[in-house]
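Data block below; observations after.
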Amino acid sequence: MAQFAVIGLGSFGATVATELAALNHDVIGIDSNKKFVESISDTITHAVIADATDERVLDELNVKNCDAVVVAIGDDIEASILCVLHLKNLGIEKIMVKAKSKAHHMILSHLGITKIIHPEEDMGIRIAQSLSYPMVRRYMALNNNRYIVKAEITTTLKGAQFQALMDNSPEIKSLMLQRGSHVIYEIAPGTILQEKDILIIEGPLESLRQLSSRFL
Ligand code: ATP
């Protein structure tokens with residue numbers, strides 16, 4: 001069990017705090033608005049009404065003992081930055097900050113914050129991609145160009161041979177095929193694909209894009 005602090009309990013911060021608590025972690029939630037604190041007080045370990053721009057408050061709440069702190073103050077950029085400065089002064093190393101604008105992002109990266117989150121933009125990108133690539137269930141970026149993708153076999157590919165699907169994509173590695181509760185790591189070339197099979201593959205973006213057209 002780790003200990004986390006979430007500062008700013010709007011919809012993003014409250015979701016992070018609730019999920020961390022559901023994962024059995026110790027969570028301190030801080031917000032200056034009584035209404036947000038009250039609505040989460042039964043869900044997380046400790047919910048406090050406080051101004052996170054006050055360094056003494058952060059010190060008294062022992063935020064420095066946390067394994068990581070999430071700053072989820074959105075609109076009030078000044079408050080977000082002040083809070084981040086205090087957290088840095090307290091010696092906290094793992095700080096994740098929600099940024100609302102490019103200027104906010106720039107200031108945070110100048111302050112040495114490496115985990116800057118843009119939840120609305122990230123979600124917008126994911127939704128656009130899920131509409132464009134409906135077969136993609138999940139994906140993970142390995143670096144700027146390589147991805148691991150979890151894709152569902154569509155009606156179009158039902159009955160196709162696994163090798164025939166992968167033949168023109170030598171740069172793509174198949175990691176596993178999941179059929180119901182059965183997982184196959186060494187996929188035989190002659191495997192006949194079934195609808196709803198889940199294929200997990202890895203490769204460069206361009207090759208993955210080309211392969212995706214076979215699913216449609
Ligand atoms: P959401 O996550 O709901 O999209 P948002 O990005 O619009 O939120 P805000 O609503 O501006 O961001 O801020 C999130 C929360 O941070 C609010 O509940 C607000 O009360 C809280 N907050 C703002 N300033 C402070 C502060 N100085 N100290 C503590 N909490 C603060």
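Note on naming: chains are A, B, ... as they come in the structure tokens, residues start from 1 per chain, ligands start from 1 in the order shown.
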Counting only C-alpha atoms and all ligand atoms, which residues of chain A fall within 8 Å of ligand 1, and what is the closest atom pair for each with its distance in Å at one decimal, ordered by chain and rising number, as CSV?
```
residue,atom,partner,partner_atom_place_in_ligand_line,distance
A:Ile7,CA,ligand 1,30 (N),6.0
A:Gly8,CA,ligand 1,16 (O),3.3
A:Leu9,CA,ligand 1,18 (O),4.6
A:Gly10,CA,ligand 1,3 (O),3.6
A:Ser11,CA,ligand 1,3 (O),3.7
A:Phe12,CA,ligand 1,2 (O),3.6
A:Gly13,CA,ligand 1,2 (O),5.6
A:Ala14,CA,ligand 1,2 (O),7.5
A:Ile30,CA,ligand 1,29 (C),5.9
A:Asp31,CA,ligand 1,30 (N),3.6
A:Ser32,CA,ligand 1,29 (C),4.1
A:Asn33,CA,ligand 1,20 (O),4.6
A:Phe36,CA,ligand 1,18 (O),6.0
A:Ile49,CA,ligand 1,29 (C),7.5
A:Ala50,CA,ligand 1,29 (C),5.8
A:Asp51,CA,ligand 1,28 (N),3.7
A:Ala52,CA,ligand 1,28 (N),3.8
A:Thr53,CA,ligand 1,27 (N),5.0
A:Asp54,CA,ligand 1,27 (N),7.8
A:Ala72,CA,ligand 1,14 (C),5.8
A:Ile73,CA,ligand 1,16 (O),4.0
A:Gly74,CA,ligand 1,12 (O),3.3
A:Asp75,CA,ligand 1,11 (O),3.7
A:Asp76,CA,ligand 1,11 (O),5.6
A:Ala79,CA,ligand 1,27 (N),5.0
A:Ser80,CA,ligand 1,24 (N),7.1
A:Cys83,CA,ligand 1,27 (N),7.4
A:Lys98,CA,ligand 1,6 (O),7.4
A:Ala99,CA,ligand 1,6 (O),7.9
A:Lys100,CA,ligand 1,6 (O),6.7
```
Note to self: Set the distance at 6 Å and use only C-alpha atoms: which residues neighbour region 150-160 of chain A once local chain neighbours fewer than 4 positions away are removed? I'd like the list as a ChimeraX atom specification.
What the structure shows: /A:135-138,192-200
For Val27 (chain A): contacts at 9 Å, only C-alpha atoms, fewer than 2 positions along chain excluded, given as number ranges by chain: A: 2-6, 17-18, 20-21, 24-25, 29, 44-47, 66
Quiz prompt | Option closest in space to Val69 (chain A), from A:Val16, A:Leu111, A:Ala164, A:Val48 [counting only C-alpha atoms] | solution =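 Using only C-alpha atoms, Val69 (chain A) sits closest to A:Val16.
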(Q) Taking the DSSP secondary structure from the backbone, can you list the residues of region 21-107 of chain A that are strand (DSSP E), as a ChimeraX atom specification? (A) /A:26-31,46-49,68-71,95-98
Kindly export the residues of the current selection with N, CA and C atoms, as a short mmCIF file (atom, residue, chain, number, x, y, z; two decimals), in the first residue's frame.
```cif
data_model
loop_
_atom_site.label_atom_id
_atom_site.label_comp_id
_atom_site.auth_asym_id
_atom_site.auth_seq_id
_atom_site.Cartn_x
_atom_site.Cartn_y
_atom_site.Cartn_z
N ASP A 26 -3.49 4.55 0.49
CA ASP A 26 -3.81 5.61 1.43
C ASP A 26 -3.88 6.91 0.65
N VAL A 27 -5.00 7.63 0.71
CA VAL A 27 -5.11 8.84 -0.13
C VAL A 27 -5.54 10.04 0.71
N ILE A 28 -4.73 11.11 0.65
CA ILE A 28 -5.15 12.38 1.25
C ILE A 28 -5.67 13.23 0.09
N GLY A 29 -6.89 13.72 0.21
CA GLY A 29 -7.44 14.61 -0.82
C GLY A 29 -7.57 16.00 -0.23
N ILE A 30 -7.13 16.99 -1.00
CA ILE A 30 -7.17 18.38 -0.50
C ILE A 30 -7.91 19.26 -1.50
N ASP A 31 -8.84 20.05 -1.01
CA ASP A 31 -9.51 21.02 -1.88
C ASP A 31 -9.96 22.20 -1.01
N HIS A 46 -8.44 10.37 3.88
CA HIS A 46 -8.44 11.63 4.60
C HIS A 46 -8.77 12.74 3.60
N ALA A 47 -9.88 13.45 3.80
CA ALA A 47 -10.23 14.54 2.89
C ALA A 47 -10.22 15.84 3.68
N VAL A 48 -9.49 16.83 3.17
CA VAL A 48 -9.26 18.05 3.96
C VAL A 48 -9.63 19.29 3.17
N ILE A 49 -10.30 20.23 3.87
CA ILE A 49 -10.55 21.54 3.24
C ILE A 49 -9.33 22.40 3.54
N ALA A 68 3.73 9.88 -4.00
CA ALA A 68 3.54 10.77 -5.16
C ALA A 68 2.38 11.71 -4.87
N VAL A 69 2.44 12.87 -5.52
CA VAL A 69 1.38 13.86 -5.34
C VAL A 69 0.82 14.24 -6.72
N VAL A 70 -0.50 14.27 -6.82
CA VAL A 70 -1.13 14.69 -8.07
C VAL A 70 -1.74 16.07 -7.83
N VAL A 71 -1.34 17.05 -8.66
CA VAL A 71 -1.93 18.38 -8.54
C VAL A 71 -2.96 18.52 -9.65
N ILE A 95 5.84 14.26 -8.68
CA ILE A 95 4.70 15.18 -8.74
C ILE A 95 4.10 15.09 -10.14
N MET A 96 2.80 14.83 -10.21
CA MET A 96 2.11 14.83 -11.51
C MET A 96 1.16 16.01 -11.51
N VAL A 97 1.17 16.76 -12.59
CA VAL A 97 0.35 17.97 -12.58
C VAL A 97 -0.56 18.03 -13.81
N LYS A 98 -1.80 18.37 -13.55
CA LYS A 98 -2.74 18.58 -14.65
C LYS A 98 -2.52 19.98 -15.20
#
```
The residue from A:Lys35, A:Arg209, A:Arg214, A:His118 with the smallest atom-to-atom distance to Ser132 (chain A), counting only C-alpha atoms, is A:Arg209
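Minimum distance to Pro189 (chain A) across A:Leu211, A:Leu165, A:Ala22, A:Ile172 (counting only C-alpha atoms) occurs at A:Leu165.
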Notebook entry, point to check: Just how far from CA of Leu177 (chain A) is CA of Gly190 (chain A), in Å to one decimal?
Noted result: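 These atoms are spaced 13.1 Å apart.
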Can you pull out every residue from chain A that DSSP, working from the backbone, puts in helix (DSSP H, G or I), and format the result as a PDB file with C-alpha atoms, in the first residue's frame?
```
ATOM      1  CA  SER A  11     -13.925  15.662 -11.569  1.00  0.00           C
ATOM      2  CA  PHE A  12     -10.381  14.669 -12.607  1.00  0.00           C
ATOM      3  CA  GLY A  13      -8.791  14.844  -9.143  1.00  0.00           C
ATOM      4  CA  ALA A  14     -11.749  13.104  -7.489  1.00  0.00           C
ATOM      5  CA  THR A  15     -11.581  10.273 -10.049  1.00  0.00           C
ATOM      6  CA  VAL A  16      -7.829   9.795  -9.450  1.00  0.00           C
ATOM      7  CA  ALA A  17      -8.324   9.844  -5.671  1.00  0.00           C
ATOM      8  CA  THR A  18     -11.289   7.443  -5.744  1.00  0.00           C
ATOM      9  CA  GLU A  19      -9.493   4.989  -8.020  1.00  0.00           C
ATOM     10  CA  LEU A  20      -6.333   5.038  -5.861  1.00  0.00           C
ATOM     11  CA  ALA A  21      -8.465   4.367  -2.776  1.00  0.00           C
ATOM     12  CA  ALA A  22     -10.239   1.504  -4.595  1.00  0.00           C
ATOM     13  CA  LYS A  34     -15.959  22.282   1.180  1.00  0.00           C
ATOM     14  CA  LYS A  35     -18.526  20.788  -1.208  1.00  0.00           C
ATOM     15  CA  PHE A  36     -15.886  18.698  -3.088  1.00  0.00           C
ATOM     16  CA  VAL A  37     -14.202  17.586   0.128  1.00  0.00           C
ATOM     17  CA  GLU A  38     -17.471  16.457   1.694  1.00  0.00           C
ATOM     18  CA  SER A  39     -18.533  14.498  -1.349  1.00  0.00           C
ATOM     19  CA  ILE A  40     -15.385  12.362  -1.269  1.00  0.00           C
ATOM     20  CA  GLU A  55       3.117  25.804   2.208  1.00  0.00           C
ATOM     21  CA  ARG A  56       2.475  25.436   5.955  1.00  0.00           C
ATOM     22  CA  VAL A  57      -0.765  23.593   5.236  1.00  0.00           C
ATOM     23  CA  LEU A  58       1.031  21.130   2.948  1.00  0.00           C
ATOM     24  CA  ASP A  59       3.726  20.673   5.580  1.00  0.00           C
ATOM     25  CA  GLU A  60       1.217  20.108   8.401  1.00  0.00           C
ATOM     26  CA  VAL A  63       2.286  15.641   2.176  1.00  0.00           C
ATOM     27  CA  LYS A  64       6.060  15.161   2.019  1.00  0.00           C
ATOM     28  CA  ASN A  65       5.636  11.579   3.256  1.00  0.00           C
ATOM     29  CA  ILE A  77      -2.904  28.427 -12.997  1.00  0.00           C
ATOM     30  CA  GLU A  78      -1.333  30.665 -10.340  1.00  0.00           C
ATOM     31  CA  ALA A  79      -2.581  28.365  -7.557  1.00  0.00           C
ATOM     32  CA  SER A  80      -1.373  25.284  -9.430  1.00  0.00           C
ATOM     33  CA  ILE A  81       2.118  26.747  -9.897  1.00  0.00           C
ATOM     34  CA  LEU A  82       2.402  28.021  -6.330  1.00  0.00           C
ATOM     35  CA  CYS A  83       1.348  24.627  -5.024  1.00  0.00           C
ATOM     36  CA  VAL A  84       3.908  22.875  -7.253  1.00  0.00           C
ATOM     37  CA  LEU A  85       6.652  25.241  -6.007  1.00  0.00           C
ATOM     38  CA  HIS A  86       5.792  24.405  -2.390  1.00  0.00           C
ATOM     39  CA  LEU A  87       5.767  20.672  -3.127  1.00  0.00           C
ATOM     40  CA  LYS A  88       9.218  21.025  -4.688  1.00  0.00           C
ATOM     41  CA  ASN A  89      10.410  23.009  -1.648  1.00  0.00           C
ATOM     42  CA  LYS A 102       0.296  25.555 -23.297  1.00  0.00           C
ATOM     43  CA  ALA A 103       1.563  28.377 -21.066  1.00  0.00           C
ATOM     44  CA  HIS A 104       0.732  26.340 -17.949  1.00  0.00           C
ATOM     45  CA  HIS A 105       2.557  23.333 -19.442  1.00  0.00           C
ATOM     46  CA  MET A 106       5.605  25.458 -20.328  1.00  0.00           C
ATOM     47  CA  ILE A 107       5.915  26.898 -16.828  1.00  0.00           C
ATOM     48  CA  LEU A 108       5.544  23.459 -15.255  1.00  0.00           C
ATOM     49  CA  SER A 109       8.254  21.976 -17.445  1.00  0.00           C
ATOM     50  CA  HIS A 110      10.544  24.905 -16.549  1.00  0.00           C
ATOM     51  CA  PRO A 119      -6.678  14.744 -19.606  1.00  0.00           C
ATOM     52  CA  GLU A 120      -9.200  16.437 -21.900  1.00  0.00           C
ATOM     53  CA  GLU A 121      -6.783  16.496 -24.861  1.00  0.00           C
ATOM     54  CA  ASP A 122      -5.616  12.936 -24.220  1.00  0.00           C
ATOM     55  CA  MET A 123      -9.197  11.708 -24.057  1.00  0.00           C
ATOM     56  CA  GLY A 124     -10.101  13.663 -27.215  1.00  0.00           C
ATOM     57  CA  ILE A 125      -7.214  12.047 -29.097  1.00  0.00           C
ATOM     58  CA  ARG A 126      -8.190   8.582 -27.835  1.00  0.00           C
ATOM     59  CA  ILE A 127     -11.813   9.049 -28.860  1.00  0.00           C
ATOM     60  CA  ALA A 128     -10.851  10.257 -32.358  1.00  0.00           C
ATOM     61  CA  GLN A 129      -8.500   7.295 -32.729  1.00  0.00           C
ATOM     62  CA  SER A 130     -11.063   4.800 -31.486  1.00  0.00           C
ATOM     63  CA  LEU A 131     -13.509   6.104 -34.115  1.00  0.00           C
ATOM     64  CA  SER A 132     -10.867   5.927 -36.815  1.00  0.00           C
ATOM     65  CA  THR A 155     -15.943 -10.019 -39.278  1.00  0.00           C
ATOM     66  CA  THR A 156     -13.806  -9.076 -42.308  1.00  0.00           C
ATOM     67  CA  LEU A 157     -10.882 -11.166 -41.030  1.00  0.00           C
ATOM     68  CA  PHE A 162      -2.898 -15.600 -39.291  1.00  0.00           C
ATOM     69  CA  GLN A 163       0.138 -15.748 -41.618  1.00  0.00           C
ATOM     70  CA  ALA A 164      -1.843 -14.256 -44.510  1.00  0.00           C
ATOM     71  CA  LEU A 165      -2.754 -11.298 -42.302  1.00  0.00           C
ATOM     72  CA  MET A 166       0.815 -10.694 -41.194  1.00  0.00           C
ATOM     73  CA  LEU A 205       3.093   3.339 -36.378  1.00  0.00           C
ATOM     74  CA  GLU A 206       3.067   3.427 -40.174  1.00  0.00           C
ATOM     75  CA  SER A 207       3.098  -0.377 -40.472  1.00  0.00           C
ATOM     76  CA  LEU A 208       0.338  -0.637 -37.842  1.00  0.00           C
ATOM     77  CA  ARG A 209      -1.746   1.879 -39.807  1.00  0.00           C
ATOM     78  CA  GLN A 210      -1.298  -0.143 -42.994  1.00  0.00           C
ATOM     79  CA  LEU A 211      -2.225  -3.367 -41.227  1.00  0.00           C
ATOM     80  CA  SER A 212      -5.319  -1.742 -39.701  1.00  0.00           C
ATOM     81  CA  SER A 213      -6.850  -1.296 -43.176  1.00  0.00           C
ATOM     82  CA  ARG A 214      -7.038  -5.126 -43.408  1.00  0.00           C
ATOM     83  CA  PHE A 215      -9.387  -5.140 -40.396  1.00  0.00           C
TER      84      PHE A 215
END
```
Check your understanding: What does the distance between CA of Asn143 (chain A) and CA of Ile184 (chain A) come to in Å, to one decimal place?
Key ->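 That distance, rounded to one decimal, is 26.1 Å.
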